[in-house]
>>> print(open('coords-v2.txt').read())   # compact mmCIF, C-alpha atoms (C1' of nucleotides)
# COMPACT_ATOMS: atom_id res chain seq x y z
CA MET E 1 18.58 4.09 -23.81
CA SER E 2 15.36 5.90 -24.43
CA LYS E 3 14.38 8.94 -22.44
CA PHE E 4 10.83 8.18 -21.51
CA LEU E 5 11.83 6.96 -18.09
CA GLU E 6 13.26 9.57 -15.79
CA LEU E 7 12.92 7.79 -12.48
CA GLU E 8 14.69 7.57 -9.17
CA ASP E 9 16.14 4.19 -8.35
CA VAL E 10 14.86 3.36 -4.92
CA THR E 11 16.76 0.14 -4.31
CA ALA E 12 20.02 1.85 -3.54
CA ALA E 13 22.06 0.50 -0.64
CA SER E 14 19.19 0.23 1.78
CA CYS E 15 18.85 -3.48 1.77
CA CYS E 16 21.52 -6.04 2.23
CA ALA E 17 21.44 -6.93 5.87
CA PRO E 18 18.66 -9.33 6.85
CA LEU E 19 15.65 -8.10 8.76
CA SER E 20 17.01 -9.90 11.78
CA GLY E 21 20.30 -8.04 11.50
CA PRO E 22 21.29 -4.55 12.59
CA ILE E 23 18.55 -2.10 13.40
CA LEU E 24 17.02 -0.40 10.38
CA ASP E 25 17.11 3.38 10.56
CA GLU E 26 14.23 5.48 9.30
CA ASP E 27 15.73 6.20 5.89
CA GLU E 28 16.55 2.59 5.14
CA ALA E 29 13.10 1.56 6.26
CA ALA E 30 11.50 4.18 4.03
CA GLU E 31 13.46 3.04 0.99
CA LEU E 32 12.68 -0.61 1.59
CA ALA E 33 9.03 0.16 2.18
CA ARG E 34 8.85 1.75 -1.25
CA VAL E 35 10.08 -1.47 -2.86
CA PHE E 36 7.56 -3.58 -0.97
CA LYS E 37 4.81 -1.16 -1.83
CA ALA E 38 5.60 -1.87 -5.44
CA LEU E 39 5.11 -5.56 -4.72
CA SER E 40 1.92 -5.04 -2.73
CA ASP E 41 -0.46 -5.21 -5.67
CA PRO E 42 -1.66 -8.47 -7.26
CA VAL E 43 -1.49 -7.11 -10.79
CA ARG E 44 2.05 -5.86 -10.29
CA LEU E 45 3.12 -9.18 -8.78
CA ARG E 46 1.76 -11.04 -11.77
CA LEU E 47 3.41 -8.58 -14.13
CA LEU E 48 6.76 -9.04 -12.43
CA ASN E 49 6.22 -12.77 -12.46
CA LEU E 50 5.49 -12.80 -16.18
CA ILE E 51 8.54 -10.66 -16.86
CA ALA E 52 10.88 -12.61 -14.56
CA ALA E 53 9.67 -15.95 -15.85
CA SER E 54 9.93 -15.04 -19.51
CA GLU E 55 12.09 -17.34 -21.55
CA GLY E 56 13.73 -14.68 -23.68
CA GLY E 57 14.52 -12.59 -20.62
CA GLU E 58 12.19 -9.85 -21.73
CA VAL E 59 8.53 -9.31 -22.52
CA CYS E 60 6.75 -6.99 -24.93
CA VAL E 61 4.14 -4.78 -23.31
CA CYS E 62 1.79 -5.87 -26.05
CA ASP E 63 1.82 -9.33 -24.44
CA LEU E 64 1.26 -7.97 -20.94
CA THR E 65 -2.09 -6.35 -21.43
CA THR E 66 -4.23 -9.30 -22.56
CA PRO E 67 -3.76 -11.57 -19.50
CA PHE E 68 -5.36 -8.96 -17.24
CA ASP E 69 -8.82 -7.60 -16.69
CA VAL E 70 -7.64 -4.02 -16.39
CA SER E 71 -7.21 -1.36 -19.05
CA ALA E 72 -3.97 -0.70 -20.90
CA PRO E 73 -3.28 2.59 -19.08
CA THR E 74 -3.53 0.74 -15.79
CA ILE E 75 -0.94 -1.78 -16.95
CA SER E 76 1.24 1.11 -18.01
CA HIS E 77 0.84 2.63 -14.57
CA HIS E 78 1.82 -0.59 -12.82
CA LEU E 79 4.86 -1.05 -15.04
CA LYS E 80 5.93 2.45 -14.11
CA VAL E 81 5.66 1.65 -10.41
CA LEU E 82 7.77 -1.47 -10.87
CA ARG E 83 10.29 0.62 -12.83
CA GLN E 84 10.44 3.28 -10.12
CA ALA E 85 11.10 0.55 -7.58
CA GLY E 86 14.07 -0.52 -9.67
CA LEU E 87 12.69 -4.01 -10.21
CA ILE E 88 12.35 -3.87 -13.99
CA THR E 89 13.73 -1.90 -16.91
CA GLY E 90 12.13 -1.15 -20.21
CA ASP E 91 13.15 0.28 -23.54
CA ARG E 92 11.41 1.00 -26.78
CA ARG E 93 12.49 -0.82 -29.93
CA GLY E 94 10.63 0.53 -32.88
CA THR E 95 6.94 0.43 -32.24
CA TRP E 96 7.09 -1.86 -29.25
CA VAL E 97 8.39 -1.56 -25.69
CA TYR E 98 10.14 -4.44 -23.95
CA TYR E 99 10.60 -4.98 -20.22
CA ARG E 100 13.25 -7.03 -18.41
CA PRO E 101 13.79 -7.84 -14.74
CA VAL E 102 16.68 -6.20 -12.87
CA PRO E 103 18.30 -9.30 -11.35
CA THR E 104 20.44 -7.50 -8.79
CA ALA E 105 17.47 -5.60 -7.39
CA ILE E 106 15.39 -8.75 -7.12
CA THR E 107 17.93 -11.16 -5.68
CA ARG E 108 18.97 -8.52 -3.17
CA LEU E 109 15.59 -8.89 -1.53
CA SER E 110 16.27 -12.58 -0.98
CA THR E 111 18.92 -11.91 1.65
CA LEU E 112 16.48 -9.80 3.61
CA PHE E 113 14.45 -12.77 4.71
CA THR E 114 17.17 -15.02 6.00
CA LEU E 115 17.12 -15.53 9.76
CA PRO E 116 20.72 -16.36 10.77
CA HIS E 117 20.15 -17.02 14.45
CA LEU E 118 16.69 -18.43 13.88
CA THR E 119 16.87 -21.48 11.70
CA PRO E 120 13.16 -22.27 11.32
CA PRO E 121 12.18 -24.92 13.88
CA PRO E 122 9.49 -27.01 12.16
CA GLU E 123 7.80 -27.70 15.51
CA LEU E 124 6.71 -24.10 15.66
CA VAL E 125 4.58 -24.45 12.57
CA GLY E 126 0.99 -24.35 13.63
CA LEU E 127 1.55 -21.91 16.44
CA ASP E 128 1.20 -19.17 13.87
CA GLU E 129 -1.93 -17.13 13.54
CA GLU E 130 -4.79 -19.47 12.92
CA ALA E 131 -7.98 -18.89 11.02
CA MET Y 1 -2.87 -19.13 23.44
CA SER Y 2 -4.75 -15.99 24.20
CA LYS Y 3 -7.89 -15.09 22.34
CA PHE Y 4 -7.30 -11.48 21.46
CA LEU Y 5 -6.10 -12.39 17.99
CA GLU Y 6 -8.65 -13.97 15.76
CA LEU Y 7 -6.95 -13.50 12.43
CA GLU Y 8 -6.65 -15.24 9.11
CA ASP Y 9 -3.18 -16.43 8.25
CA VAL Y 10 -2.47 -15.11 4.83
CA THR Y 11 0.83 -16.80 4.14
CA ALA Y 12 -0.69 -20.13 3.34
CA ALA Y 13 0.75 -22.07 0.43
CA SER Y 14 0.84 -19.18 -1.99
CA CYS Y 15 4.53 -18.62 -2.01
CA CYS Y 16 7.21 -21.19 -2.51
CA ALA Y 17 8.08 -21.02 -6.14
CA PRO Y 18 10.32 -18.09 -7.11
CA LEU Y 19 8.89 -15.15 -8.99
CA SER Y 20 10.75 -16.37 -12.03
CA GLY Y 21 9.10 -19.76 -11.78
CA PRO Y 22 5.69 -20.95 -12.85
CA ILE Y 23 3.06 -18.36 -13.62
CA LEU Y 24 1.30 -16.96 -10.58
CA ASP Y 25 -2.46 -17.28 -10.72
CA GLU Y 26 -4.73 -14.54 -9.44
CA ASP Y 27 -5.33 -16.11 -6.03
CA GLU Y 28 -1.68 -16.73 -5.32
CA ALA Y 29 -0.85 -13.20 -6.41
CA ALA Y 30 -3.55 -11.77 -4.16
CA GLU Y 31 -2.27 -13.69 -1.15
CA LEU Y 32 1.31 -12.69 -1.75
CA ALA Y 33 0.32 -9.09 -2.31
CA ARG Y 34 -1.26 -9.01 1.12
CA VAL Y 35 2.03 -10.06 2.72
CA PHE Y 36 3.98 -7.42 0.84
CA LYS Y 37 1.39 -4.82 1.70
CA ALA Y 38 2.16 -5.58 5.32
CA LEU Y 39 5.81 -4.86 4.57
CA SER Y 40 5.09 -1.69 2.61
CA ASP Y 41 5.14 0.68 5.57
CA PRO Y 42 8.33 2.07 7.14
CA VAL Y 43 7.01 1.79 10.69
CA ARG Y 44 5.97 -1.82 10.16
CA LEU Y 45 9.34 -2.69 8.62
CA ARG Y 46 11.15 -1.24 11.62
CA LEU Y 47 8.79 -3.04 13.98
CA LEU Y 48 9.43 -6.35 12.27
CA ASN Y 49 13.14 -5.58 12.25
CA LEU Y 50 13.14 -4.88 15.99
CA ILE Y 51 11.21 -8.06 16.66
CA ALA Y 52 13.26 -10.26 14.34
CA ALA Y 53 16.55 -8.85 15.60
CA SER Y 54 15.67 -9.19 19.26
CA GLU Y 55 18.12 -11.21 21.28
CA GLY Y 56 15.58 -13.02 23.41
CA GLY Y 57 13.51 -13.93 20.38
CA GLU Y 58 10.66 -11.75 21.51
CA VAL Y 59 9.90 -8.15 22.32
CA CYS Y 60 7.50 -6.53 24.75
CA VAL Y 61 5.12 -4.03 23.16
CA CYS Y 62 6.10 -1.63 25.90
CA ASP Y 63 9.55 -1.48 24.29
CA LEU Y 64 8.14 -0.98 20.80
CA THR Y 65 6.32 2.27 21.33
CA THR Y 66 9.15 4.56 22.47
CA PRO Y 67 11.41 4.25 19.40
CA PHE Y 68 8.69 5.71 17.18
CA ASP Y 69 7.12 9.09 16.69
CA VAL Y 70 3.63 7.69 16.40
CA SER Y 71 1.04 7.05 19.09
CA ALA Y 72 0.54 3.77 20.88
CA PRO Y 73 -2.72 2.95 19.07
CA THR Y 74 -0.89 3.34 15.78
CA ILE Y 75 1.80 0.90 16.90
CA SER Y 76 -0.95 -1.48 17.93
CA HIS Y 77 -2.54 -1.13 14.53
CA HIS Y 78 0.71 -1.91 12.73
CA LEU Y 79 1.38 -4.92 14.93
CA LYS Y 80 -2.06 -6.19 14.02
CA VAL Y 81 -1.31 -5.85 10.33
CA LEU Y 82 1.93 -7.79 10.74
CA ARG Y 83 0.02 -10.43 12.69
CA GLN Y 84 -2.66 -10.71 10.01
CA ALA Y 85 0.07 -11.20 7.46
CA GLY Y 86 1.34 -14.12 9.52
CA LEU Y 87 4.74 -12.54 10.03
CA ILE Y 88 4.62 -12.24 13.81
CA THR Y 89 2.77 -13.76 16.73
CA GLY Y 90 1.97 -12.23 20.06
CA ASP Y 91 0.62 -13.35 23.40
CA ARG Y 92 -0.14 -11.64 26.65
CA ARG Y 93 1.72 -12.61 29.81
CA GLY Y 94 0.30 -10.82 32.77
CA THR Y 95 0.16 -7.13 32.11
CA TRP Y 96 2.43 -7.15 29.09
CA VAL Y 97 2.18 -8.47 25.55
CA TYR Y 98 5.15 -10.05 23.79
CA TYR Y 99 5.69 -10.48 20.06
CA ARG Y 100 7.86 -12.98 18.22
CA PRO Y 101 8.66 -13.44 14.53
CA VAL Y 102 7.19 -16.41 12.65
CA PRO Y 103 10.36 -17.86 11.09
CA THR Y 104 8.67 -20.07 8.53
CA ALA Y 105 6.60 -17.21 7.18
CA ILE Y 106 9.62 -14.95 6.90
CA THR Y 107 12.15 -17.34 5.42
CA ARG Y 108 9.57 -18.51 2.92
CA LEU Y 109 9.75 -15.10 1.29
CA SER Y 110 13.45 -15.56 0.72
CA THR Y 111 12.93 -18.23 -1.91
CA LEU Y 112 10.67 -15.92 -3.87
CA PHE Y 113 13.51 -13.70 -4.98
CA THR Y 114 15.89 -16.29 -6.32
CA LEU Y 115 16.38 -16.18 -10.07
CA PRO Y 116 17.36 -19.72 -11.11
CA HIS Y 117 17.96 -19.13 -14.79
CA LEU Y 118 19.16 -15.59 -14.25
CA THR Y 119 22.27 -15.63 -12.12
CA PRO Y 120 22.82 -11.88 -11.77
CA PRO Y 121 25.35 -10.75 -14.39
CA PRO Y 122 27.37 -7.97 -12.73
CA GLU Y 123 27.87 -6.25 -16.08
CA LEU Y 124 24.21 -5.32 -16.13
CA VAL Y 125 24.55 -3.20 -13.00
CA GLY Y 126 24.23 0.40 -14.03
CA LEU Y 127 21.72 -0.26 -16.73
CA ASP Y 128 19.04 -0.06 -14.09
CA GLU Y 129 16.85 2.96 -13.68
CA GLU Y 130 19.07 5.92 -13.08
CA ALA Y 131 18.45 9.02 -11.02
C1' DT L 1 2.97 15.48 -44.17
C1' DT L 2 -0.73 12.54 -42.93
C1' DT L 3 -2.39 8.48 -40.92
C1' DC L 4 -2.26 4.52 -38.04
C1' DT L 5 -0.87 1.93 -33.96
C1' DG L 6 1.49 0.90 -29.42
C1' DG L 7 2.25 2.83 -25.26
C1' DA L 8 2.46 6.62 -21.84
C1' DT L 9 0.35 10.65 -19.52
C1' DA L 10 -3.41 13.69 -17.48
C1' DG L 11 -7.24 14.23 -14.79
C1' DA L 12 -11.13 12.47 -12.15
C1' DT L 13 -13.17 9.33 -8.81
C1' DG L 14 -14.20 5.74 -5.34
C1' DG L 15 -12.12 3.00 -2.04
C1' DA L 16 -8.27 1.80 0.96
C1' DT L 17 -4.91 3.28 4.59
C1' DG L 18 -2.12 5.72 8.32
C1' DT L 19 -2.90 8.57 12.02
C1' DC L 20 -4.89 10.37 16.25
C1' DA L 21 -8.04 11.17 20.39
C1' DA L 22 -11.28 8.92 23.06
C1' DA L 23 -13.30 4.83 24.84
C1' DT L 24 -12.59 -0.14 26.06
C1' DT L 25 -10.54 -4.44 27.79
C1' DA L 26 -7.25 -7.31 30.60
C1' DG L 27 -4.75 -7.99 34.38
C1' DA L 28 -2.33 -6.49 38.83
C1' DA L 29 -2.44 -4.24 43.17
C1' DG L 30 -4.56 -1.83 46.70
C1' DC V 1 -14.78 -3.54 44.57
C1' DT V 2 -11.87 0.25 43.13
C1' DT V 3 -7.96 2.00 40.89
C1' DC V 4 -4.11 2.04 38.03
C1' DT V 5 -1.50 0.70 33.89
C1' DA V 6 -0.57 -1.77 29.41
C1' DA V 7 -2.53 -2.63 25.14
C1' DT V 8 -6.29 -2.84 21.86
C1' DT V 9 -10.46 -1.12 19.67
C1' DT V 10 -13.50 2.46 17.89
C1' DG V 11 -14.57 6.23 15.10
C1' DA V 12 -13.22 10.17 12.48
C1' DC V 13 -10.34 12.45 9.16
C1' DA V 14 -6.91 13.39 5.62
C1' DT V 15 -4.18 11.39 2.35
C1' DC V 16 -2.93 7.97 -0.85
C1' DC V 17 -3.83 4.63 -4.59
C1' DA V 18 -5.91 1.63 -8.32
C1' DT V 19 -8.74 2.32 -11.92
C1' DC V 20 -11.01 4.45 -15.73
C1' DT V 21 -11.71 7.69 -19.93
C1' DA V 22 -9.72 10.94 -22.77
C1' DT V 23 -5.67 12.75 -24.62
C1' DC V 24 -0.96 12.86 -26.03
C1' DC V 25 3.57 11.11 -27.79
C1' DA V 26 6.75 8.09 -30.65
C1' DG V 27 7.58 5.39 -34.67
C1' DA V 28 6.30 3.22 -38.92
C1' DA V 29 4.24 3.33 -43.32
C1' DA V 30 1.98 5.51 -46.79
>>> encode(input="coords-v2.txt", output="structure tokens")
Amino acid sequence: MSKFLELEDVTAASCCAPLSGPILDEDEAAELARVFKALSDPVRLRLLNLIAASEGGEVCVCDLTTPFDVSAPTISHHLKVLRQAGLITGDRRGTWVYYRPVPTAITRLSTLFTLPHLTPPPELVGLDEEA
Amino acid sequence: MSKFLELEDVTAASCCAPLSGPILDEDEAAELARVFKALSDPVRLRLLNLIAASEGGEVCVCDLTTPFDVSAPTISHHLKVLRQAGLITGDRRGTWVYYRPVPTAITRLSTLFTLPHLTPPPELVGLDEEA
DNA sequence: TTTCTGGATAGATGGATGTCAAATTAGAAG
DNA sequence: CTTCTAATTTGACATCCATCTATCCAGAAA
């Protein structure tokens, strides 16, 4: 494991119970917020999507810079943010650097959005905020 | 339906396929990013948690201001952001305003974080970013 | 070692965002 | 109408963040 990433994993134990579950304390909320902040940028979402959808399970950074309109350092920055959020991992192999998703960190978020006592009543659709 | 919320619903059709699914285009990514940006603040996460976990299915704003260290206008601002993201709805009844979660918008996010072809291999835990 | 290339870091900058105090609106009650 | 209270809006301010250019670091190949 290369050394160029010395980062704090933010997705510790904070999230497991759904949002509709027990009350979130300030620390848990702060940790979770950091993860969602990592997902709050379009470029980062597309990066994570490309990495998570990759056939081989990993993607070379060299393939992540061309699909975007931003500079290479910006891509590097976004990858770092995703790394710090614990959503992806990367390691250097020779000249190139490869990134993979961290499945446990990603699937953990899935349980957050289940609403046990609120199975979505389809009749309510349309009462949401309207344009 | 009261008039004090004239907001664009952001959680349109953008999200349904998991992050590991088909490639996200720029528009879809932008829409999704807006939802996650709404979730990227600790106060907003706790607000949504309080609302989603409420027994009666709704919460009066008057009960949402005391648990926090921030001023009432700030709470109002955060509620507006959550509303604009389509995650909650609110309406005034007499003197008070009540907020409810929007189940469809919330549960929809759940499907985003499933990894069909990547059932989380427990052996990989620990290879994540380390402190 | 020197050179070349892929990728990360450093520093600067413009725009977005969380916060508050003060002013405003909506409704209830005199 | 006047007054009081709940909640939102306005406007200002400080901080944060996405982006860029320039520079630096890590390997590979001479």
>>> closest_residue(input="coords-v2.txt", among="E:Val61, E:Ala17, E:Leu45, E:Ala53", to="Pro73 of chain E", atoms="all atoms listed in the file")
E:Val61
>>> closest_atom_pairs(input="coords-v2.txt", of="chain Y", to="chain L", cutoff="8 Å", atoms="all atoms listed in the file", output="CSV")
residue,atom,partner,partner_atom,distance
Y:Val70,CA,L:DT19,C1',7.9
Y:Ser71,CA,L:DC20,C1',7.4
Y:Thr74,CA,L:DT19,C1',6.7
Y:Gly94,CA,L:DG27,C1',6.0
Y:Thr95,CA,L:DG27,C1',5.5
>>> interface_residues(input="coords-v2.txt", of="chain V", to="chain E", cutoff="8 Å", atoms="only C-alpha atoms (C1' of nucleotides)", output="PDB file with C-alpha atoms (C1' of nucleotides), in the coordinates of the input")
ATOM      1  C1'  DA V  18      -5.910   1.630  -8.320  1.00  0.00           C
ATOM      2  C1'  DT V  19      -8.740   2.320 -11.920  1.00  0.00           C
ATOM      3  C1'  DC V  20     -11.010   4.450 -15.730  1.00  0.00           C
ATOM      4  C1'  DA V  26       6.750   8.090 -30.650  1.00  0.00           C
ATOM      5  C1'  DG V  27       7.580   5.390 -34.670  1.00  0.00           C
ATOM      6  C1'  DA V  28       6.300   3.220 -38.920  1.00  0.00           C
TER       7       DA V  28
END
>>> atom_distance(input="coords-v2.txt", atom1="atom C1' of DA22 of chain V", atom2="atom CA of Ile75 of chain E")
16.5 Å
>>> atom_distance(input="coords-v2.txt", atom1="atom CA of Phe36 of chain Y", atom2="atom CA of Ser40 of chain E")
4.8 Å
>>> atom_distance(input="coords-v2.txt", atom1="atom CA of Val102 of chain E", atom2="atom CA of Leu47 of chain Y")
28.2 Å
>>> residues_around(input="coords-v2.txt", residues="Pro18 of chain E", least_positions_apart="2", cutoff="6 Å", atoms="all atoms listed in the file", output="count of residues only")
6
>>> closest_residue(input="coords-v2.txt", among="Y:Phe68, Y:Ala52, Y:Pro101, Y:Ala38", to="chain E", atoms="all atoms listed in the file")
Y:Ala52
